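One structure is given here, and the rest of the page talks about it.
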Amino acid sequence: MEVCYQLPVLPLDRPVPKHVLSRRGAISFSSSSSLFGAPDPRQLSQRRGAISYDSSDQTALYIRMLDVRVRSQVGFEPERRSSHPYLCIDFRTLHTRLGCGSASAASGPERRVHRLLSFQRYLHSSRLLRGVPQQIPLHILDEDYTGQARCMLEKVGNWNFDIFRFDRLTNGNSLITLTFHLLNQYGLVELFQLDMVKLWRFLVMVQEDYHSDNPYHNAVHAADVTQAMYCYLREPMLAKSLTSYDILLGLLAAATHDLGHPGVNQPFLIKTDHYLATLYRNTSVLENHHWKSAVGLLRETGLFSHLPAEDSLNMERELGSLILATDISRQNEYLSRFRMHLDQDNLCLSNASHRHFILQMALKCADICNPCRPWEQSKQWSEKVTEEFFQQGDIEKKHKLEVSPLCDREMNTVGNIQIGFMTYVAEPLFAEWARFSDTRLSQTMLGHMGLNKASWGGLQQEQTPVSEEAEASIASAGDAAAARRDANTATVAGGTSSKEIPQGSRES
């Protein structure tokens, strides 16, 4: 007999049960245990986790709660809570707590926790996906939008692909829909004998683990990077050399490369003594977190459980190698190595290690390709990433911390941040990529970046003269008014008729 439980969706403005805040542990139960009874203290662990279940229990309930995942898999160290007083709250709600008070919070729309992936939804997905052939219909879409989304997927290899529009057409499920489509298009689902239900469940969990409250590092960014990665994989130099294994690894790395991003950077985590900084010893903190989160979901869903254990572990390690390459602090290290290979002309893509290095460079390019997109898309991404910087700066100001570079909204603008990023980070990387793959796409990206940089420069110049002219006109107007007041005062003192005084008043 199958038992389904309907779980309530908890709004964020309601208090969290004390046992959740105090323990944040993983509660395990078997089919014989009581779901609603008090948990046995012996079953509580010190890991951040969720309520999990015995794998042999077919009617067990999987509950994902407060963006906390199971960490019971082998190879994961316990994630310790930070003792720092500034970080005792969930990053997903951190930005929303910067308001002026309860009045503004009450006036805004009620914020709700992301819909839970319950056992009922799992059964629903199972019924929809079991026995369905390769071209799975986009059943998560409203019928009115399904056709438009499918039309967009037919042009998914176009560099002008509008991920924002695609996300709207898929009702916010762009990452799930796009990644599944690409895996299916390459025939990887059949080739690697991936279970449809496990794959879909994995993608749903990946999308849910991106924090939608982040202006930039969210699931839409992951979908955008995945689409860019697909464009690079289709380039002639890569398409004729990469294996199916390489392609699977590249797409999964793109989809999970920022998984669980808290919306703040590594220096913020280090200076606030966050538990992630301690766990990963202040080295590639965010990238290690993204990698381990991705591996955790792979193991939790058992997506590769049918593969030999050695193959599965190798895939996890290589996935980590790709994600760790996106650490922007190691940009010069990878760029110097890439330039050296190109100068010596010794890249051999029949060599597995060289192919893996090119996948690393492709993912790095995809991760920061926003300046290379058409202006309308690039401008939106620029505004989003800058707003995320500024939100971090607001948090630092609120807690009397030193404001990180580029995070002070009073000292920086979108334009100057983007011009600096293009000049010192994006242009050198994409120039070398164009040396490696001198194709129409590479030239298109460089062309867009040049135009976008000029556009930001033009906007900067427009804003500066306007403000200077406004200040000059205000100053001249003030001087003129003062001169008129002085003249009127002298005239009155000299016995001038009152006829001139109203005239001076009208002018001033």
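Just so we're on the same page: first chain in the structure tokens is A, next is B, and so on; residues restart at 1 for each chain, and ligands are numbered from 1 in the order they show up.
Residues in contact range of segment 209-212 of chain A, defined as at most 8 Å between only C-alpha atoms, with sequence neighbours fewer than 4 positions away removed, read Asp67, Arg92, Met205, His217, Asn218, Ala219, Asp258, Leu259, Gly260, His261 and Pro262 of chain A.
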Exercise. Do you know which residues are at most 9 Å from segment 367-373 of chain A counting only C-alpha atoms, after dropping those on the same chain fewer than 2 positions away, and could you put them as a count of residues only?
Worked result: 38
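Shell of segment 409-414 of chain A at 9 Å, with only C-alpha atoms counted and residues fewer than 2 places along the chain excluded, is Ser382, Glu383, Val385, Thr386, Glu387, Phe389, Phe390, Gln391, Gly393, Asp394, Leu406, Cys407, Asn416, Ile417, Gln418, Ile419, Trp456 and Gln460 of chain A.
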Could you please take those selected residues and save N, CA, C and O atoms as a PDB file, in the first residue's frame?
```pdb
ATOM      1  N   SER A 382      24.825  42.555 -16.953  1.00  0.00           N
ATOM      2  CA  SER A 382      25.701  43.502 -16.263  1.00  0.00           C
ATOM      3  C   SER A 382      24.986  44.147 -15.089  1.00  0.00           C
ATOM      4  O   SER A 382      25.556  44.299 -13.991  1.00  0.00           O
ATOM      5  N   GLU A 383      23.755  44.521 -15.285  1.00  0.00           N
ATOM      6  CA  GLU A 383      22.987  45.139 -14.199  1.00  0.00           C
ATOM      7  C   GLU A 383      22.719  44.146 -13.074  1.00  0.00           C
ATOM      8  O   GLU A 383      22.742  44.504 -11.890  1.00  0.00           O
ATOM      9  N   VAL A 385      24.578  41.373 -12.195  1.00  0.00           N
ATOM     10  CA  VAL A 385      25.765  41.036 -11.419  1.00  0.00           C
ATOM     11  C   VAL A 385      26.199  42.224 -10.564  1.00  0.00           C
ATOM     12  O   VAL A 385      26.654  42.054  -9.416  1.00  0.00           O
ATOM     13  N   THR A 386      26.040  43.442 -11.085  1.00  0.00           N
ATOM     14  CA  THR A 386      26.406  44.611 -10.298  1.00  0.00           C
ATOM     15  C   THR A 386      25.469  44.775  -9.105  1.00  0.00           C
ATOM     16  O   THR A 386      25.913  45.132  -8.009  1.00  0.00           O
ATOM     17  N   GLU A 387      24.207  44.497  -9.289  1.00  0.00           N
ATOM     18  CA  GLU A 387      23.261  44.574  -8.170  1.00  0.00           C
ATOM     19  C   GLU A 387      23.615  43.554  -7.089  1.00  0.00           C
ATOM     20  O   GLU A 387      23.498  43.843  -5.894  1.00  0.00           O
ATOM     21  N   PHE A 389      26.668  42.532  -6.437  1.00  0.00           N
ATOM     22  CA  PHE A 389      27.805  43.142  -5.760  1.00  0.00           C
ATOM     23  C   PHE A 389      27.331  44.164  -4.743  1.00  0.00           C
ATOM     24  O   PHE A 389      27.779  44.181  -3.588  1.00  0.00           O
ATOM     25  N   PHE A 390      26.429  45.018  -5.169  1.00  0.00           N
ATOM     26  CA  PHE A 390      25.968  46.103  -4.307  1.00  0.00           C
ATOM     27  C   PHE A 390      25.191  45.571  -3.103  1.00  0.00           C
ATOM     28  O   PHE A 390      25.265  46.134  -2.004  1.00  0.00           O
ATOM     29  N   GLN A 391      24.458  44.490  -3.286  1.00  0.00           N
ATOM     30  CA  GLN A 391      23.744  43.901  -2.153  1.00  0.00           C
ATOM     31  C   GLN A 391      24.726  43.379  -1.109  1.00  0.00           C
ATOM     32  O   GLN A 391      24.494  43.527   0.094  1.00  0.00           O
ATOM     33  N   GLY A 393      27.673  44.657  -0.632  1.00  0.00           N
ATOM     34  CA  GLY A 393      28.168  45.865   0.013  1.00  0.00           C
ATOM     35  C   GLY A 393      27.195  46.408   1.040  1.00  0.00           C
ATOM     36  O   GLY A 393      27.601  46.885   2.107  1.00  0.00           O
ATOM     37  N   ASP A 394      25.893  46.340   0.758  1.00  0.00           N
ATOM     38  CA  ASP A 394      24.889  46.795   1.729  1.00  0.00           C
ATOM     39  C   ASP A 394      24.934  45.950   3.000  1.00  0.00           C
ATOM     40  O   ASP A 394      24.793  46.478   4.113  1.00  0.00           O
ATOM     41  N   LEU A 406      34.349  47.059  -5.472  1.00  0.00           N
ATOM     42  CA  LEU A 406      33.268  47.016  -6.460  1.00  0.00           C
ATOM     43  C   LEU A 406      31.890  46.792  -5.841  1.00  0.00           C
ATOM     44  O   LEU A 406      30.907  46.659  -6.571  1.00  0.00           O
ATOM     45  N   CYS A 407      31.801  46.756  -4.518  1.00  0.00           N
ATOM     46  CA  CYS A 407      30.528  46.448  -3.856  1.00  0.00           C
ATOM     47  C   CYS A 407      29.863  47.668  -3.224  1.00  0.00           C
ATOM     48  O   CYS A 407      28.809  47.523  -2.601  1.00  0.00           O
ATOM     49  N   ASN A 416      31.483  51.546 -15.142  1.00  0.00           N
ATOM     50  CA  ASN A 416      32.919  51.449 -14.868  1.00  0.00           C
ATOM     51  C   ASN A 416      33.316  50.047 -14.415  1.00  0.00           C
ATOM     52  O   ASN A 416      34.415  49.582 -14.702  1.00  0.00           O
ATOM     53  N   ILE A 417      32.403  49.336 -13.728  1.00  0.00           N
ATOM     54  CA  ILE A 417      32.702  47.955 -13.350  1.00  0.00           C
ATOM     55  C   ILE A 417      32.822  47.088 -14.591  1.00  0.00           C
ATOM     56  O   ILE A 417      33.753  46.273 -14.724  1.00  0.00           O
ATOM     57  N   GLN A 418      31.910  47.254 -15.537  1.00  0.00           N
ATOM     58  CA  GLN A 418      31.918  46.417 -16.734  1.00  0.00           C
ATOM     59  C   GLN A 418      33.099  46.732 -17.643  1.00  0.00           C
ATOM     60  O   GLN A 418      33.706  45.820 -18.208  1.00  0.00           O
ATOM     61  N   ILE A 419      33.435  47.992 -17.781  1.00  0.00           N
ATOM     62  CA  ILE A 419      34.583  48.356 -18.627  1.00  0.00           C
ATOM     63  C   ILE A 419      35.864  47.757 -18.055  1.00  0.00           C
ATOM     64  O   ILE A 419      36.695  47.209 -18.781  1.00  0.00           O
ATOM     65  N   TRP A 456      29.086  51.077 -23.071  1.00  0.00           N
ATOM     66  CA  TRP A 456      29.225  51.472 -21.673  1.00  0.00           C
ATOM     67  C   TRP A 456      30.060  52.748 -21.554  1.00  0.00           C
ATOM     68  O   TRP A 456      29.761  53.617 -20.725  1.00  0.00           O
ATOM     69  N   GLN A 460      28.857  56.274 -19.933  1.00  0.00           N
ATOM     70  CA  GLN A 460      29.628  56.960 -18.902  1.00  0.00           C
ATOM     71  C   GLN A 460      29.882  58.418 -19.279  1.00  0.00           C
ATOM     72  O   GLN A 460      29.763  59.323 -18.452  1.00  0.00           O
TER      73      GLN A 460
END
```
For this session: Excluding Gly187 of chain A and residues on its chain fewer than 5 positions from it, collect all residues at most 10 Å away from it, counting only C-alpha atoms, and give them as a list in words.
Result: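 The residues that qualify are Gln134, His181, Leu182, Phe192, Gln193, Ser244 and Leu248 of chain A.
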What would the file look like if the residues just selected were written as a PDB file, in the first residue's frame with all heavy atoms?
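part21.pdb written:
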```
ATOM      1  N   GLN A 134      12.560   8.997 -26.454  1.00  0.00           N
ATOM      2  CA  GLN A 134      13.602  10.002 -26.261  1.00  0.00           C
ATOM      3  C   GLN A 134      13.053  11.422 -26.235  1.00  0.00           C
ATOM      4  O   GLN A 134      13.368  12.200 -25.363  1.00  0.00           O
ATOM      5  CB  GLN A 134      14.635   9.895 -27.376  1.00  0.00           C
ATOM      6  CG  GLN A 134      15.593   8.730 -27.190  1.00  0.00           C
ATOM      7  CD  GLN A 134      16.730   8.814 -28.164  1.00  0.00           C
ATOM      8  OE1 GLN A 134      16.853   9.754 -28.935  1.00  0.00           O
ATOM      9  NE2 GLN A 134      17.588   7.819 -28.140  1.00  0.00           N
ATOM     10  N   HIS A 181      17.151  18.754 -22.780  1.00  0.00           N
ATOM     11  CA  HIS A 181      17.089  18.761 -24.241  1.00  0.00           C
ATOM     12  C   HIS A 181      18.460  18.485 -24.846  1.00  0.00           C
ATOM     13  O   HIS A 181      18.586  17.689 -25.801  1.00  0.00           O
ATOM     14  CB  HIS A 181      16.555  20.108 -24.726  1.00  0.00           C
ATOM     15  CG  HIS A 181      16.631  20.290 -26.213  1.00  0.00           C
ATOM     16  ND1 HIS A 181      15.719  19.728 -27.081  1.00  0.00           N
ATOM     17  CD2 HIS A 181      17.530  20.960 -26.990  1.00  0.00           C
ATOM     18  CE1 HIS A 181      16.038  20.044 -28.326  1.00  0.00           C
ATOM     19  NE2 HIS A 181      17.132  20.793 -28.293  1.00  0.00           N
ATOM     20  N   LEU A 182      19.499  19.127 -24.310  1.00  0.00           N
ATOM     21  CA  LEU A 182      20.835  18.960 -24.870  1.00  0.00           C
ATOM     22  C   LEU A 182      21.365  17.546 -24.640  1.00  0.00           C
ATOM     23  O   LEU A 182      21.974  16.944 -25.533  1.00  0.00           O
ATOM     24  CB  LEU A 182      21.790  19.995 -24.266  1.00  0.00           C
ATOM     25  CG  LEU A 182      21.472  21.465 -24.603  1.00  0.00           C
ATOM     26  CD1 LEU A 182      22.461  22.391 -23.923  1.00  0.00           C
ATOM     27  CD2 LEU A 182      21.471  21.685 -26.114  1.00  0.00           C
ATOM     28  N   PHE A 192      24.505   6.377 -22.283  1.00  0.00           N
ATOM     29  CA  PHE A 192      24.956   6.051 -20.931  1.00  0.00           C
ATOM     30  C   PHE A 192      23.878   5.344 -20.111  1.00  0.00           C
ATOM     31  O   PHE A 192      24.063   5.158 -18.907  1.00  0.00           O
ATOM     32  CB  PHE A 192      25.416   7.325 -20.213  1.00  0.00           C
ATOM     33  CG  PHE A 192      26.704   7.872 -20.737  1.00  0.00           C
ATOM     34  CD1 PHE A 192      26.713   8.818 -21.758  1.00  0.00           C
ATOM     35  CD2 PHE A 192      27.922   7.438 -20.240  1.00  0.00           C
ATOM     36  CE1 PHE A 192      27.908   9.329 -22.252  1.00  0.00           C
ATOM     37  CE2 PHE A 192      29.119   7.933 -20.724  1.00  0.00           C
ATOM     38  CZ  PHE A 192      29.107   8.882 -21.746  1.00  0.00           C
ATOM     39  N   GLN A 193      22.770   4.996 -20.774  1.00  0.00           N
ATOM     40  CA  GLN A 193      21.675   4.264 -20.143  1.00  0.00           C
ATOM     41  C   GLN A 193      21.203   4.949 -18.862  1.00  0.00           C
ATOM     42  O   GLN A 193      21.060   4.327 -17.809  1.00  0.00           O
ATOM     43  CB  GLN A 193      22.111   2.823 -19.847  1.00  0.00           C
ATOM     44  CG  GLN A 193      22.465   2.042 -21.099  1.00  0.00           C
ATOM     45  CD  GLN A 193      22.897   0.622 -20.803  1.00  0.00           C
ATOM     46  OE1 GLN A 193      23.182   0.270 -19.662  1.00  0.00           O
ATOM     47  NE2 GLN A 193      22.937  -0.212 -21.837  1.00  0.00           N
ATOM     48  N   SER A 244      31.844  11.376 -26.333  1.00  0.00           N
ATOM     49  CA  SER A 244      30.543  11.513 -25.681  1.00  0.00           C
ATOM     50  C   SER A 244      30.711  11.730 -24.181  1.00  0.00           C
ATOM     51  O   SER A 244      29.949  12.480 -23.558  1.00  0.00           O
ATOM     52  CB  SER A 244      29.688  10.269 -25.943  1.00  0.00           C
ATOM     53  OG  SER A 244      29.419  10.126 -27.319  1.00  0.00           O
ATOM     54  N   LEU A 248      29.192  14.907 -22.099  1.00  0.00           N
ATOM     55  CA  LEU A 248      28.362  14.732 -20.899  1.00  0.00           C
ATOM     56  C   LEU A 248      28.958  15.485 -19.723  1.00  0.00           C
ATOM     57  O   LEU A 248      28.251  16.201 -18.995  1.00  0.00           O
ATOM     58  CB  LEU A 248      28.245  13.239 -20.565  1.00  0.00           C
ATOM     59  CG  LEU A 248      27.504  12.894 -19.273  1.00  0.00           C
ATOM     60  CD1 LEU A 248      26.052  13.321 -19.344  1.00  0.00           C
ATOM     61  CD2 LEU A 248      27.610  11.392 -18.971  1.00  0.00           C
TER      62      LEU A 248
END
```
Problem set entry | All helix (DSSP H, G or I) residues (DSSP, backbone) inside segment 146-344 of chain A, as a ChimeraX atom specification | /A:146-153,163-169,174-185,188-191,196-209,219-233,236-239,244-256,266-271,275-279,285-301,309-324,328-344
Exercise. Which residue out of A:Ala366, A:Leu276, A:Val204, A:Leu307 has the minimum interatomic distance to Tyr230 of chain A when only C-alpha atoms are used?
Worked result: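 Between A:Ala366, A:Leu276, A:Val204, A:Leu307, the residue approaching Tyr230 of chain A most closely is A:Ala366.
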For this session: Name all residues at most 10 Å from Gln392 of chain A (count only C-alpha atoms; drop same-chain ones fewer than 3 positions away) and give them as a list in words.
Result: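 Here the qualifying residues turn out to be Leu94, His95, Gly263, Val264, Asn265, Phe268, Thr386, Glu387, Glu388, Phe389, Ile395, Glu396, Lys397, Lys398, Val403, Ser404, Leu406, Cys407, Asp408 and Arg409 of chain A.
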